[in-house]
Amino acid sequence: MSSNTSKSATDICLTDRQMSLSVNSTEGVLIGTIIPILVLFGISGNILNLTVLLAPNLRTRSNQLLACLAVADIVSLIVLLPHSMAHYEMFETALWFRKFYGKYKYQIIAMTNWSIATATWLVFVICLERLIIIKYPLSVRKQAKFFTPRNVVTIIVVTTFILTSYNHVSHSCAEKLFCNGTQYHVACLGIDSERWFRNEPNPNSELMKSLVRYAPQVNAIFVVLIPVVLVIIFNVMLILTLRQRQKLFEPSKTIRGDSQYGSQAKTEHKVTITVTAIVTCFTITQSPSAFVTFLSFYIHKDWVTLFAICTILVVLGKALNFVLFCLSSASFRQRLLMQTKQGILRKSTRYTSVAAHV
């Protein structure tokens, strides 16, 4: 985001509406009230997920991918906080916050889109990996050398960064101080805008205008629409496969082969149930945002309230991952409880040791 600075203070004072960072009151209530609660719960829950998934004896391929998803969700939740803070009067009127938010708003948007895009493609990879493991277990060993979590995650992170990086240069902003330097106001224009500041001609090149004009549509297709549609398709296939395999684990039936294979198959089945719950939740909470974003390029109307509702759904999906882990995995609950007890015991032992030396 480029910036045209005009900081000479004037004695003109802007109204509360002109200083408001909310488009309308509905957006202020939805983003400013509901989002912070979900964000704090989501960050706490995903941190707890990481403590279990990254335990030394649990670092399987699936758990590593799920841990990367938790990190991506934490990042996206953190960078959403400034948008929520902008809807509170204490921050909206604070000079330091307005300067920070006005200067870095589109960088924050870029970070938000990047982290959400990374999480979206990670969900697709996790779903696909589970489907391959339970349907074609032998093929996993052949592809394991190249398609390691490190390689896959690196490709996703780099590709999504390229696809969402246009946000960093999509707008140019002019800043000015009002009311004898007590009010800080920023006005931004799209790089491809026909009009420019002070009614001057747009100084940006046609190449830059075209990039900013078409990059969001490319982003909507490859970062939003395609991965969400693929996740929906593969999740349905995963659910159908789970229903077929469920018969193998009925008490009246046994899995052919040795007991070690049977135990491994049961473990993979349990992991797949957890993954299916997470992917299903993702499908329900992310799909509306994907389709609304795509439609907004072709249907020009006021999407502010609908976008706010979709944002809440996206954040809700990220916040629910911890709940889904707890509800769908007895092993996760046991590990979390055990780690919590060990943590409390260590602190208690340390406190007793310090007290003994006082």
# chains A, B, ... in the order shown; residues from 1 in each chain; ligands from 1
>>> residues_around(residues="range 72-89 of chain A", least_positions_apart="2", cutoff="6 Å", atoms="only C-alpha atoms", output="PDB file with N, CA, C and O atoms, in the first residue's frame")
ATOM      1  N   GLY A  28     -20.448  -3.164  13.026  1.00  0.00           N
ATOM      2  CA  GLY A  28     -19.794  -2.860  14.297  1.00  0.00           C
ATOM      3  C   GLY A  28     -20.148  -3.847  15.383  1.00  0.00           C
ATOM      4  O   GLY A  28     -19.286  -4.283  16.145  1.00  0.00           O
ATOM      5  N   ILE A  31     -18.745  -7.668  14.113  1.00  0.00           N
ATOM      6  CA  ILE A  31     -17.287  -7.810  14.125  1.00  0.00           C
ATOM      7  C   ILE A  31     -16.694  -7.370  15.459  1.00  0.00           C
ATOM      8  O   ILE A  31     -15.718  -7.949  15.940  1.00  0.00           O
ATOM      9  N   GLY A  32     -17.271  -6.336  16.051  1.00  0.00           N
ATOM     10  CA  GLY A  32     -16.715  -5.798  17.288  1.00  0.00           C
ATOM     11  C   GLY A  32     -17.102  -6.538  18.543  1.00  0.00           C
ATOM     12  O   GLY A  32     -16.380  -6.469  19.543  1.00  0.00           O
ATOM     13  N   VAL A  39     -12.349 -15.319  18.755  1.00  0.00           N
ATOM     14  CA  VAL A  39     -10.901 -15.282  18.510  1.00  0.00           C
ATOM     15  C   VAL A  39     -10.132 -15.757  19.729  1.00  0.00           C
ATOM     16  O   VAL A  39      -9.223 -16.599  19.629  1.00  0.00           O
ATOM     17  N   ILE A  43      -7.874 -19.118  19.693  1.00  0.00           N
ATOM     18  CA  ILE A  43      -6.428 -19.110  19.926  1.00  0.00           C
ATOM     19  C   ILE A  43      -6.067 -20.049  21.069  1.00  0.00           C
ATOM     20  O   ILE A  43      -5.133 -20.862  20.965  1.00  0.00           O
ATOM     21  N   LEU A  69      -2.120 -26.810  10.466  1.00  0.00           N
ATOM     22  CA  LEU A  69      -3.444 -26.180  10.348  1.00  0.00           C
ATOM     23  C   LEU A  69      -3.740 -25.337  11.580  1.00  0.00           C
ATOM     24  O   LEU A  69      -4.261 -24.212  11.462  1.00  0.00           O
ATOM     25  N   ALA A  70      -3.404 -25.857  12.763  1.00  0.00           N
ATOM     26  CA  ALA A  70      -3.619 -25.106  14.004  1.00  0.00           C
ATOM     27  C   ALA A  70      -2.812 -23.811  14.018  1.00  0.00           C
ATOM     28  O   ALA A  70      -3.312 -22.756  14.432  1.00  0.00           O
ATOM     29  N   PHE A  91     -10.559   2.442  20.912  1.00  0.00           N
ATOM     30  CA  PHE A  91      -9.506   2.322  19.906  1.00  0.00           C
ATOM     31  C   PHE A  91      -9.795   3.228  18.706  1.00  0.00           C
ATOM     32  O   PHE A  91      -8.880   3.790  18.108  1.00  0.00           O
ATOM     33  N   GLU A  92     -11.064   3.357  18.395  1.00  0.00           N
ATOM     34  CA  GLU A  92     -11.475   4.154  17.234  1.00  0.00           C
ATOM     35  C   GLU A  92     -11.066   5.615  17.376  1.00  0.00           C
ATOM     36  O   GLU A  92     -10.741   6.287  16.390  1.00  0.00           O
ATOM     37  N   THR A  93     -11.046   6.098  18.623  1.00  0.00           N
ATOM     38  CA  THR A  93     -10.699   7.507  18.865  1.00  0.00           C
ATOM     39  C   THR A  93      -9.248   7.685  19.289  1.00  0.00           C
ATOM     40  O   THR A  93      -8.789   8.823  19.430  1.00  0.00           O
ATOM     41  N   THR A 112      -4.277 -11.689   6.666  1.00  0.00           N
ATOM     42  CA  THR A 112      -5.490 -12.458   6.969  1.00  0.00           C
ATOM     43  C   THR A 112      -5.842 -13.386   5.809  1.00  0.00           C
ATOM     44  O   THR A 112      -6.079 -14.591   6.010  1.00  0.00           O
ATOM     45  N   SER A 115      -3.189 -16.292   5.506  1.00  0.00           N
ATOM     46  CA  SER A 115      -3.302 -17.355   6.513  1.00  0.00           C
ATOM     47  C   SER A 115      -4.566 -18.190   6.309  1.00  0.00           C
ATOM     48  O   SER A 115      -4.544 -19.418   6.471  1.00  0.00           O
ATOM     49  N   ALA A 119      -4.708 -22.161   5.391  1.00  0.00           N
ATOM     50  CA  ALA A 119      -5.521 -23.107   6.163  1.00  0.00           C
ATOM     51  C   ALA A 119      -6.501 -23.862   5.263  1.00  0.00           C
ATOM     52  O   ALA A 119      -6.717 -25.066   5.440  1.00  0.00           O
TER      53      ALA A 119
END
>>> residues_around(residues="Arg98 in chain A", least_positions_apart="2", cutoff="10 Å", atoms="only C-alpha atoms", output="list of chain:residue names")
A:Met19, A:Leu21, A:Ala86, A:Phe91, A:Glu92, A:Thr93, A:Ala94, A:Leu95, A:Trp96, A:Phe100, A:Tyr101, A:Gly102, A:Lys103, A:Tyr104, A:Lys105, A:Gln183, A:Tyr184, A:His185, A:Val186
>>> write_last_selection(atoms="C-alpha atoms", output="PDB file, in the first residue's frame")
ATOM      1  CA  MET A  19     -14.338   9.276  12.110  1.00  0.00           C
ATOM      2  CA  LEU A  21     -14.111   2.875  11.207  1.00  0.00           C
ATOM      3  CA  ALA A  86     -11.376  -0.850  15.180  1.00  0.00           C
ATOM      4  CA  PHE A  91      -9.506   2.322  19.906  1.00  0.00           C
ATOM      5  CA  GLU A  92     -11.475   4.154  17.234  1.00  0.00           C
ATOM      6  CA  THR A  93     -10.699   7.507  18.865  1.00  0.00           C
ATOM      7  CA  ALA A  94      -7.137   6.681  19.972  1.00  0.00           C
ATOM      8  CA  LEU A  95      -4.591   8.517  17.819  1.00  0.00           C
ATOM      9  CA  TRP A  96      -1.950   5.739  18.051  1.00  0.00           C
ATOM     10  CA  PHE A 100      -1.353   2.016  13.094  1.00  0.00           C
ATOM     11  CA  TYR A 101      -4.595   0.732  11.564  1.00  0.00           C
ATOM     12  CA  GLY A 102      -4.700   3.384   8.849  1.00  0.00           C
ATOM     13  CA  LYS A 103      -1.117   2.709   7.794  1.00  0.00           C
ATOM     14  CA  TYR A 104      -1.161  -1.086   7.927  1.00  0.00           C
ATOM     15  CA  LYS A 105      -4.816  -1.993   7.276  1.00  0.00           C
ATOM     16  CA  GLN A 183      -8.111  13.720  14.776  1.00  0.00           C
ATOM     17  CA  TYR A 184      -6.230  11.413  12.415  1.00  0.00           C
ATOM     18  CA  HIS A 185      -8.031  10.432   9.229  1.00  0.00           C
ATOM     19  CA  VAL A 186      -7.012   8.207   6.318  1.00  0.00           C
TER      20      VAL A 186
END
>>> atom_distance(atom1="CA of Thr305 in chain A", atom2="CA of Val292 in chain A")
11.4 Å
>>> residues_around(residues="Cys13 in chain A", least_positions_apart="5", cutoff="9 Å", atoms="only C-alpha atoms", output="PyMOL selection string")
chain A and resi 178-180+182-183
>>> residues_around(residues="Leu122 in chain A", least_positions_apart="6", cutoff="9 Å", atoms="only C-alpha atoms", output="PyMOL selection string")
chain A and resi 65-66+68-69+72+152-153+156
>>> atom_distance(atom1="CA of Gly42 in chain A", atom2="CA of Leu320 in chain A")
7.0 Å
>>> residues_around(residues="Leu313 in chain A", least_positions_apart="2", cutoff="12 Å", atoms="only C-alpha atoms", output="ChimeraX atom specification")
/A:30-31,34-35,38-39,281-290,306-311,315-320
>>> decode(residues="range 197-213 of chain A", atoms="all heavy atoms", output="tab-separated table (two decimals), in the first residue's frame")
chain	number	residue	atom	x	y	z
A	197	PHE	N	-6.52	11.41	-5.81
A	197	PHE	CA	-6.52	12.48	-4.81
A	197	PHE	C	-6.34	13.85	-5.47
A	197	PHE	O	-5.58	14.01	-6.42
A	197	PHE	CB	-5.39	12.24	-3.80
A	197	PHE	CG	-5.50	10.92	-3.07
A	197	PHE	CD1	-4.67	9.86	-3.40
A	197	PHE	CD2	-6.43	10.74	-2.06
A	197	PHE	CE1	-4.76	8.64	-2.74
A	197	PHE	CE2	-6.54	9.52	-1.39
A	197	PHE	CZ	-5.70	8.47	-1.73
A	198	ARG	N	-7.09	14.81	-4.93
A	198	ARG	CA	-7.07	16.20	-5.43
A	198	ARG	C	-7.46	16.28	-6.91
A	198	ARG	O	-6.99	17.15	-7.64
A	198	ARG	CB	-5.69	16.84	-5.23
A	198	ARG	CG	-5.22	16.86	-3.78
A	198	ARG	CD	-3.89	17.62	-3.67
A	198	ARG	NE	-3.41	17.58	-2.31
A	198	ARG	CZ	-2.58	16.63	-1.85
A	198	ARG	NH1	-2.18	15.67	-2.67
A	198	ARG	NH2	-2.16	16.66	-0.61
A	199	ASN	N	-8.26	15.32	-7.35
A	199	ASN	CA	-8.74	15.27	-8.75
A	199	ASN	C	-7.60	15.19	-9.77
A	199	ASN	O	-7.76	15.61	-10.93
A	199	ASN	CB	-9.61	16.50	-9.05
A	199	ASN	CG	-10.91	16.47	-8.27
A	199	ASN	OD1	-11.51	15.41	-8.11
A	199	ASN	ND2	-11.33	17.62	-7.77
A	200	GLU	N	-6.48	14.66	-9.35
A	200	GLU	CA	-5.35	14.48	-10.25
A	200	GLU	C	-5.53	13.18	-11.04
A	200	GLU	O	-6.27	12.29	-10.61
A	200	GLU	CB	-4.03	14.42	-9.47
A	200	GLU	CG	-3.69	15.73	-8.75
A	200	GLU	CD	-2.44	15.60	-7.91
A	200	GLU	OE1	-1.87	14.49	-7.85
A	200	GLU	OE2	-2.03	16.61	-7.30
A	201	PRO	N	-4.87	13.03	-12.19
A	201	PRO	CA	-4.96	11.77	-12.93
A	201	PRO	C	-4.26	10.64	-12.18
A	201	PRO	O	-3.28	10.88	-11.45
A	201	PRO	CB	-4.24	12.09	-14.25
A	201	PRO	CG	-3.37	13.25	-13.93
A	201	PRO	CD	-4.09	14.06	-12.90
A	202	ASN	N	-4.77	9.43	-12.33
A	202	ASN	CA	-4.18	8.27	-11.66
A	202	ASN	C	-2.75	8.07	-12.17
A	202	ASN	O	-2.51	7.84	-13.36
A	202	ASN	CB	-5.03	7.03	-11.96
A	202	ASN	CG	-4.62	5.84	-11.09
A	202	ASN	OD1	-3.45	5.68	-10.76
A	202	ASN	ND2	-5.59	5.01	-10.75
A	203	PRO	N	-1.74	8.13	-11.28
A	203	PRO	CA	-0.34	8.05	-11.71
A	203	PRO	C	0.16	6.62	-11.94
A	203	PRO	O	1.29	6.43	-12.41
A	203	PRO	CB	0.42	8.69	-10.53
A	203	PRO	CG	-0.43	8.36	-9.34
A	203	PRO	CD	-1.85	8.38	-9.83
A	204	ASN	N	-0.65	5.61	-11.61
A	204	ASN	CA	-0.20	4.22	-11.70
A	204	ASN	C	-0.24	3.71	-13.14
A	204	ASN	O	-1.09	4.12	-13.94
A	204	ASN	CB	-1.07	3.32	-10.81
A	204	ASN	CG	-0.94	3.70	-9.34
A	204	ASN	OD1	0.08	3.44	-8.72
A	204	ASN	ND2	-1.98	4.31	-8.80
A	205	SER	N	0.67	2.79	-13.45
A	205	SER	CA	0.77	2.24	-14.80
A	205	SER	C	-0.43	1.34	-15.10
A	205	SER	O	-1.09	0.83	-14.19
A	205	SER	CB	2.06	1.43	-14.94
A	205	SER	OG	2.03	0.28	-14.10
A	206	GLU	N	-0.67	1.11	-16.38
A	206	GLU	CA	-1.77	0.23	-16.79
A	206	GLU	C	-1.53	-1.20	-16.33
A	206	GLU	O	-2.47	-1.94	-16.03
A	206	GLU	CB	-1.93	0.27	-18.31
A	206	GLU	CG	-2.47	1.59	-18.84
A	206	GLU	CD	-3.84	1.93	-18.26
A	206	GLU	OE1	-4.66	1.00	-18.10
A	206	GLU	OE2	-4.09	3.11	-17.96
A	207	LEU	N	-0.25	-1.60	-16.28
A	207	LEU	CA	0.08	-2.95	-15.81
A	207	LEU	C	-0.33	-3.13	-14.35
A	207	LEU	O	-0.93	-4.13	-13.98
A	207	LEU	CB	1.59	-3.20	-15.97
A	207	LEU	CG	2.10	-4.56	-15.45
A	207	LEU	CD1	1.43	-5.70	-16.21
A	207	LEU	CD2	3.62	-4.64	-15.55
A	208	MET	N	-0.01	-2.12	-13.52
A	208	MET	CA	-0.38	-2.19	-12.11
A	208	MET	C	-1.90	-2.16	-11.93
A	208	MET	O	-2.46	-2.88	-11.11
A	208	MET	CB	0.27	-1.02	-11.36
A	208	MET	CG	-0.02	-1.01	-9.86
A	208	MET	SD	0.62	-2.48	-9.02
A	208	MET	CE	2.39	-2.14	-9.10
A	209	LYS	N	-2.57	-1.33	-12.72
A	209	LYS	CA	-4.03	-1.27	-12.64
A	209	LYS	C	-4.66	-2.63	-13.00
A	209	LYS	O	-5.59	-3.09	-12.34
A	209	LYS	CB	-4.57	-0.20	-13.59
A	209	LYS	CG	-4.22	1.22	-13.19
A	209	LYS	CD	-4.76	2.20	-14.23
A	209	LYS	CE	-4.35	3.63	-13.94
A	209	LYS	NZ	-4.83	4.57	-14.96
A	210	SER	N	-4.13	-3.26	-14.06
A	210	SER	CA	-4.66	-4.56	-14.49
A	210	SER	C	-4.40	-5.63	-13.43
A	210	SER	O	-5.26	-6.48	-13.16
A	210	SER	CB	-4.01	-4.97	-15.81
A	210	SER	OG	-4.34	-4.06	-16.83
A	211	LEU	N	-3.22	-5.58	-12.81
A	211	LEU	CA	-2.88	-6.54	-11.76
A	211	LEU	C	-3.87	-6.46	-10.61
A	211	LEU	O	-4.41	-7.47	-10.16
A	211	LEU	CB	-1.46	-6.28	-11.26
A	211	LEU	CG	-1.01	-7.09	-10.03
A	211	LEU	CD1	-0.93	-8.57	-10.38
A	211	LEU	CD2	0.32	-6.59	-9.50
A	212	VAL	N	-4.11	-5.24	-10.15
A	212	VAL	CA	-5.01	-5.04	-9.00
A	212	VAL	C	-6.45	-5.33	-9.39
A	212	VAL	O	-7.25	-5.78	-8.56
A	212	VAL	CB	-4.85	-3.60	-8.48
A	212	VAL	CG1	-5.92	-3.28	-7.44
A	212	VAL	CG2	-3.46	-3.39	-7.89
A	213	ARG	N	-6.80	-5.12	-10.66
A	213	ARG	CA	-8.18	-5.33	-11.11
A	213	ARG	C	-8.52	-6.82	-11.22
A	213	ARG	O	-9.61	-7.24	-10.84
A	213	ARG	CB	-8.39	-4.64	-12.46
A	213	ARG	CG	-9.84	-4.65	-12.94
A	213	ARG	CD	-10.00	-3.88	-14.24
A	213	ARG	NE	-9.65	-2.47	-14.09
A	213	ARG	CZ	-8.67	-1.87	-14.72
A	213	ARG	NH1	-7.91	-2.55	-15.58
A	213	ARG	NH2	-8.42	-0.59	-14.54
